[in-house]
Every structure is written in C-alpha cells, then in structure tokens.
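Asker: What follows is a structure written as structure tokens; I'll ask about it next.
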Amino acid sequence: MTLSFTLDPGDGPELRAEVVGLWTAASNAGGAVGFVRPVTEEEVGAVGEAQFARLAPAGPDRLLVARETGTGRLAALLFLESMRFGPMDHWRLVSRVMVHPELQGRGHGAALLAEAERIGREWGLDGLKLQVRGGMGLESFYLRSGYVEVGRVPGAIRVAPGDDRDDVVMWRDLR
Ligand SMILES: CC(C)(COP(=O)(O)OP(=O)(O)OC[C@H]1O[C@@H](n2cnc3c(N)ncnc32)[C@H](O)[C@@H]1OP(=O)(O)O)[C@@H](O)C(=O)NCCC(=O)NCCS
C-alpha cells in the first residue's frame with residue numbers, strides 16, 4: 001500500500017478529528033508524541049487546537065499528512081515548526097512524527113521523513129531538528145534516515161515517578 005503526501009492539507013473539523021484520532025491512537029499504543037498513555041481524545045484535542053492555531057496561514061508552522069492511496073485514510077503525519085526567531089529561520093523542528101499503530105513497521109515512517117526532507121530541501125533549509133524521547137529505541141529509526149544525535153539532556157522527560165528518559169536532540173543536515 002502506498003501513501004500520498006499533502007503539505008498544508010487545509011483545516012476544518014473533519015481533518016482536526018482525523019489528526020486527533022491518529023494522535024490519540026499512536027499515544028495509547030506507546031508512542032512518544034507529547035503524551036504519556038493513557039490519554040483521551042479530549043486531552044489530545046486541547047493540545048491539537050493549539051498546534052493547529054500555529055499552522056499557516058495564521059502561523060508559520062506547517063502540517064504534512066500522508067493518506068493511504070485508494071482509501072484516503074489518514075496514515076501518518078508530522079509538523080514542521082518554525083522557531084519564530086529570525087536567526088533560526090534556516091531550519092525547522094520536525095515534531096509529532098507518527099504513523100497509525102495499525103500501519104507501523106511497513107516503511108511509512110521512513111517515507112514520511114523522506115518527504116519532510118524533500119520539502120526542507122525545496123525550501124532551501126540548512127537542516128531539520130528533532131527531539132526524541134530516549135529509552136525507546138527510536139534513535140535508530142532516525143539514524144537510518146540520516147539524522148545524527150547532536151545532544152542529550154539526561155533524564156529530562158519524567159514518564160513516571162522513577163522513570164526518567166533522556167531528551168535526545170537529533171539533526172538532519174541538508175547542506
Ligand atoms: C516511530 C514511527 C514514526 C516509525 O514509523 P514506522 O512506519 O513504524 O517506521 P518504519 O516502518 O519506516 O521503520 C520501522 C523501524 O523503525 C523502528 N521503530 C519504529 N517504531 C519504533 C519504536 N517505537 N521503538 C523502536 N524502534 C522503532 C524500528 O527499528 C523499525 O525497524 P524494524 O522494522 O527493523 O524493526 C512509528 O512507529 C510511530 O508512529 N510511533 C509512535 C509515535 C512515536 O513515538 N513517534 C516518535 C516521535 S519522536
């Protein structure tokens with residue numbers, strides 16, 4: 001099954017519900033996308049509203065979605081976030097990278113990162129930055145797509161009392 005990518009898919013209640021549904025499912029399957037499970041659609045929706053408010057044309061951030069070719073089902077997404085600071089305008093933060101739990105492990109995550117990289121190059125960016133929750137083996141996924149670890153804050157993410165994870169900073173150089 002192939003994916004079709006759309007940058008700036010628009011806005012509206014249907015898209016927001018799809019994004020919140022995917023985000024909630026990915027979080028409750030153990031994903032590290034801003035929540036620690038269990039999480040409800042209401043909780044994700046509140047954060048999602050703030051994220052949508054920063055999207056173009058109102059804000060500088062952009063949403064990249066991937067849909068299953070044929071069914072049109074939302075399969076994956078990520079945000080390309082601006083730092084809103086001129087001296088950091090030559091790169092973007094890639095955030096909320098997620099693939100629907102039923103569709104993981106089929107190369108869609110790698111394809112999503114490749115599309116973000118293609119867009120970054122088209123925009124003339126110098127690089128893409130990611131912040132990854134440590135202790136989940138996610139670094140190897142990003143390493144395979146050309147990201148390198150450039151920093152690590154030990155124990156910065158408290159998943160639960162006694163379960164602190166590193167905040168790992170990764171960078172994809174596009175120069
Ligand atoms: C991380 C994620 C985007 C990868 O997407 P995917 O479509 O499953 O990835 P691909 O099929 O392209 O690549 C699979 C590889 O990624 C790695 N990987 C994927 N998810 C992983 C996880 N949770 N932990 C460790 N490694 C993982 C594995 O090494 C896997 O390799 P394998 O097939 O040899 O086992 C997806 O698993 C996901 O949405 N996870 C939940 C949300 C999340 O945690 N996002 C990361 C934010 S930093």
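By order of appearance in the structure tokens: chains A, B, ..., then residues from 1 within every chain, and ligands from 1 in the order shown.
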Show me which residues line ligand 1, defined as having an atom within 6 Å of a ligand atom where only C-alpha atoms and all ligand atoms count, and present them as a list in words.
Answerer: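 So the residues close to ligand 1 are Ala26, Gly31, Ala32, Val33, Arg96, Val97, Met98, Val99, Gln104, Gly105, Arg106, Gly107, His108, Gly109, Ala110, Val132, Met136, Gly137, Leu138 and Phe141 of chain A.
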Asker: Tell me, as an MDAnalysis selection string, which residues lie within 12 Å of Val168 in chain A, counting only C-alpha atoms; anything in the same chain fewer than 5 positions away does not count.
Answerer: chainID A and resid 129:140 142 147:157
Asker: Taking C-alpha atoms for each residue, export the selection above as a short mmCIF file (atom, residue, chain, number, x, y, z; two decimals), in the first residue's frame.
Answerer:
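File written: part34.cif
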data_model
loop_
_atom_site.label_atom_id
_atom_site.label_comp_id
_atom_site.auth_asym_id
_atom_site.auth_seq_id
_atom_site.Cartn_x
_atom_site.Cartn_y
_atom_site.Cartn_z
CA LYS A 129 15.91 19.14 14.10
CA LEU A 130 14.08 16.53 16.15
CA GLN A 131 13.67 15.92 19.86
CA VAL A 132 13.29 12.27 20.71
CA ARG A 133 12.30 10.52 23.95
CA GLY A 134 15.18 8.26 24.97
CA GLY A 135 14.87 4.66 26.06
CA MET A 136 12.51 3.62 23.26
CA GLY A 137 14.99 2.68 20.57
CA LEU A 138 13.69 5.47 18.37
CA GLU A 139 17.16 6.88 17.70
CA SER A 140 17.96 4.01 15.33
CA TYR A 142 16.03 8.38 12.76
CA TYR A 147 19.71 12.11 11.38
CA VAL A 148 22.58 12.19 13.86
CA GLU A 149 22.46 12.67 17.61
CA VAL A 150 23.79 16.13 18.47
CA GLY A 151 22.76 16.41 22.11
CA ARG A 152 21.14 14.68 25.02
CA VAL A 153 19.67 16.09 28.25
CA PRO A 154 19.82 13.25 30.77
CA GLY A 155 16.56 12.43 32.50
CA ALA A 156 14.73 15.48 31.16
CA ILE A 157 11.50 13.58 30.48
#
Asker: Between A:Val65, A:Met1, A:Val94, A:Ala53, which one has atoms that come closest to Gly120 in chain A, using only C-alpha atoms?
Answerer: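 Closest to Gly120 in chain A of all the choices is A:Val94.
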Asker: Which neighbours of Thr71 in chain A fall inside 12 Å, counting only C-alpha atoms, when residues of the same chain fewer than 4 positions from it are skipped, and could you give them as a PyMOL selection string?
Answerer: chain A and resi 1-4+66-67+75
Asker: Go ahead and write the residues just picked, C-alpha atoms, as a compact mmCIF listing (two decimals), in the first residue's frame.
Answerer:
# COMPACT_ATOMS: atom_id res chain seq x y z
CA MET A 1 0.00 0.00 0.00
CA THR A 2 1.39 3.38 -0.98
CA LEU A 3 0.90 6.77 0.62
CA SER A 4 0.07 10.14 -0.89
CA ALA A 66 0.08 11.02 4.45
CA ARG A 67 -3.04 9.19 3.30
CA ALA A 75 -1.95 7.09 7.91
Asker: Just list the residues in chain A DSSP gives helix (DSSP H, G or I) on the backbone, as number ranges by chain.
Answerer: A: 13-28, 41-53, 86-88, 101-103, 108-122, 138-143
Asker: Those same residues, written as an mmCIF file, in the first residue's frame with C-alpha atoms?
Answerer:
data_model
loop_
_atom_site.group_PDB
_atom_site.id
_atom_site.type_symbol
_atom_site.label_atom_id
_atom_site.label_comp_id
_atom_site.auth_asym_id
_atom_site.auth_seq_id
_atom_site.Cartn_x
_atom_site.Cartn_y
_atom_site.Cartn_z
ATOM 1 C CA PRO A 13 -13.407 19.868 11.910
ATOM 2 C CA GLU A 14 -13.057 16.694 9.834
ATOM 3 C CA LEU A 15 -9.293 17.000 9.434
ATOM 4 C CA ARG A 16 -8.848 18.001 13.081
ATOM 5 C CA ALA A 17 -10.841 14.956 14.206
ATOM 6 C CA GLU A 18 -8.729 12.682 11.998
ATOM 7 C CA VAL A 19 -5.489 14.155 13.351
ATOM 8 C CA VAL A 20 -6.659 13.902 16.980
ATOM 9 C CA GLY A 21 -7.824 10.313 16.363
ATOM 10 C CA LEU A 22 -4.462 9.269 14.919
ATOM 11 C CA TRP A 23 -2.530 11.170 17.600
ATOM 12 C CA THR A 24 -4.560 9.530 20.397
ATOM 13 C CA ALA A 25 -4.181 6.044 18.904
ATOM 14 C CA ALA A 26 -0.409 6.483 18.445
ATOM 15 C CA SER A 27 -0.066 7.762 22.038
ATOM 16 C CA ASN A 28 -2.122 4.960 23.535
ATOM 17 C CA GLU A 41 -9.171 12.383 22.593
ATOM 18 C CA GLU A 42 -10.264 15.377 24.691
ATOM 19 C CA GLU A 43 -6.777 15.761 26.178
ATOM 20 C CA VAL A 44 -5.105 15.365 22.804
ATOM 21 C CA GLY A 45 -7.695 17.670 21.233
ATOM 22 C CA ALA A 46 -6.778 20.533 23.560
ATOM 23 C CA VAL A 47 -3.106 20.302 22.590
ATOM 24 C CA GLY A 48 -4.109 19.768 18.972
ATOM 25 C CA GLU A 49 -6.110 23.000 18.919
ATOM 26 C CA ALA A 50 -3.025 24.947 19.994
ATOM 27 C CA GLN A 51 -0.936 23.144 17.371
ATOM 28 C CA PHE A 52 -3.499 23.900 14.627
ATOM 29 C CA ALA A 53 -3.620 27.577 15.675
ATOM 30 C CA GLY A 86 14.925 35.168 12.507
ATOM 31 C CA PRO A 87 18.378 33.782 13.349
ATOM 32 C CA MET A 88 16.841 30.286 13.433
ATOM 33 C CA PRO A 101 -0.334 1.922 15.036
ATOM 34 C CA GLU A 102 -2.026 -0.487 12.597
ATOM 35 C CA LEU A 103 0.300 0.677 9.821
ATOM 36 C CA HIS A 108 5.752 4.572 6.173
ATOM 37 C CA GLY A 109 7.711 6.358 8.897
ATOM 38 C CA ALA A 110 10.827 6.384 6.732
ATOM 39 C CA ALA A 111 8.779 7.582 3.729
ATOM 40 C CA LEU A 112 7.290 10.392 5.852
ATOM 41 C CA LEU A 113 10.767 11.541 6.917
ATOM 42 C CA ALA A 114 11.940 11.381 3.309
ATOM 43 C CA GLU A 115 9.072 13.632 2.229
ATOM 44 C CA ALA A 116 9.873 16.118 5.033
ATOM 45 C CA GLU A 117 13.481 16.106 3.852
ATOM 46 C CA ARG A 118 12.404 16.718 0.255
ATOM 47 C CA ILE A 119 10.298 19.694 1.383
ATOM 48 C CA GLY A 120 13.136 21.039 3.534
ATOM 49 C CA ARG A 121 15.483 20.950 0.549
ATOM 50 C CA GLU A 122 12.846 22.591 -1.668
ATOM 51 C CA LEU A 138 13.687 5.471 18.366
ATOM 52 C CA GLU A 139 17.157 6.881 17.700
ATOM 53 C CA SER A 140 17.959 4.015 15.331
ATOM 54 C CA PHE A 141 14.848 4.792 13.289
ATOM 55 C CA TYR A 142 16.028 8.378 12.760
ATOM 56 C CA LEU A 143 19.683 7.375 12.257
#
Asker: Quick one: residues within 9 Å of Arg175 in chain A, only C-alpha atoms counted, chain neighbours fewer than 3 positions away excluded, as a VMD selection string?
Answerer: chain A and resid 121 124 to 127
Asker: Here is a test: counting only C-alpha atoms, which residue of A:Pro38, A:Gly72, A:Gly30, A:Gly59 is nearest to Thr6 in chain A?
Answerer: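 Checking each candidate against Thr6 in chain A, we get A:Gly72 as the closest.
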Asker: Considering only C-alpha atoms, can you say which of A:His100, A:Leu55, A:Ser95, A:Gly10 comes closest to Val169 in chain A?
Answerer: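 Selected residue with least distance to Val169 in chain A: A:Ser95.
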Asker: Please report the interatomic distance between CA of Leu7 in chain A and CA of Phe85 in chain A in Å with one decimal.
Answerer: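 Distance between the two atoms: 22.3 Å.
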Asker: For CA of Val39 in chain A and CA of Phe79 in chain A, determine how far apart the two atoms are, in Å to one decimal place.
Answerer: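 Going from CA of Val39 in chain A over to CA of Phe79 in chain A covers 20.1 Å.
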Asker: Can you list, as a PyMOL selection string, all residues belonging to range 28-118 of chain A that DSSP tags as strand (DSSP E)?
Answerer: chain A and resi 62-68+74-81+91-99
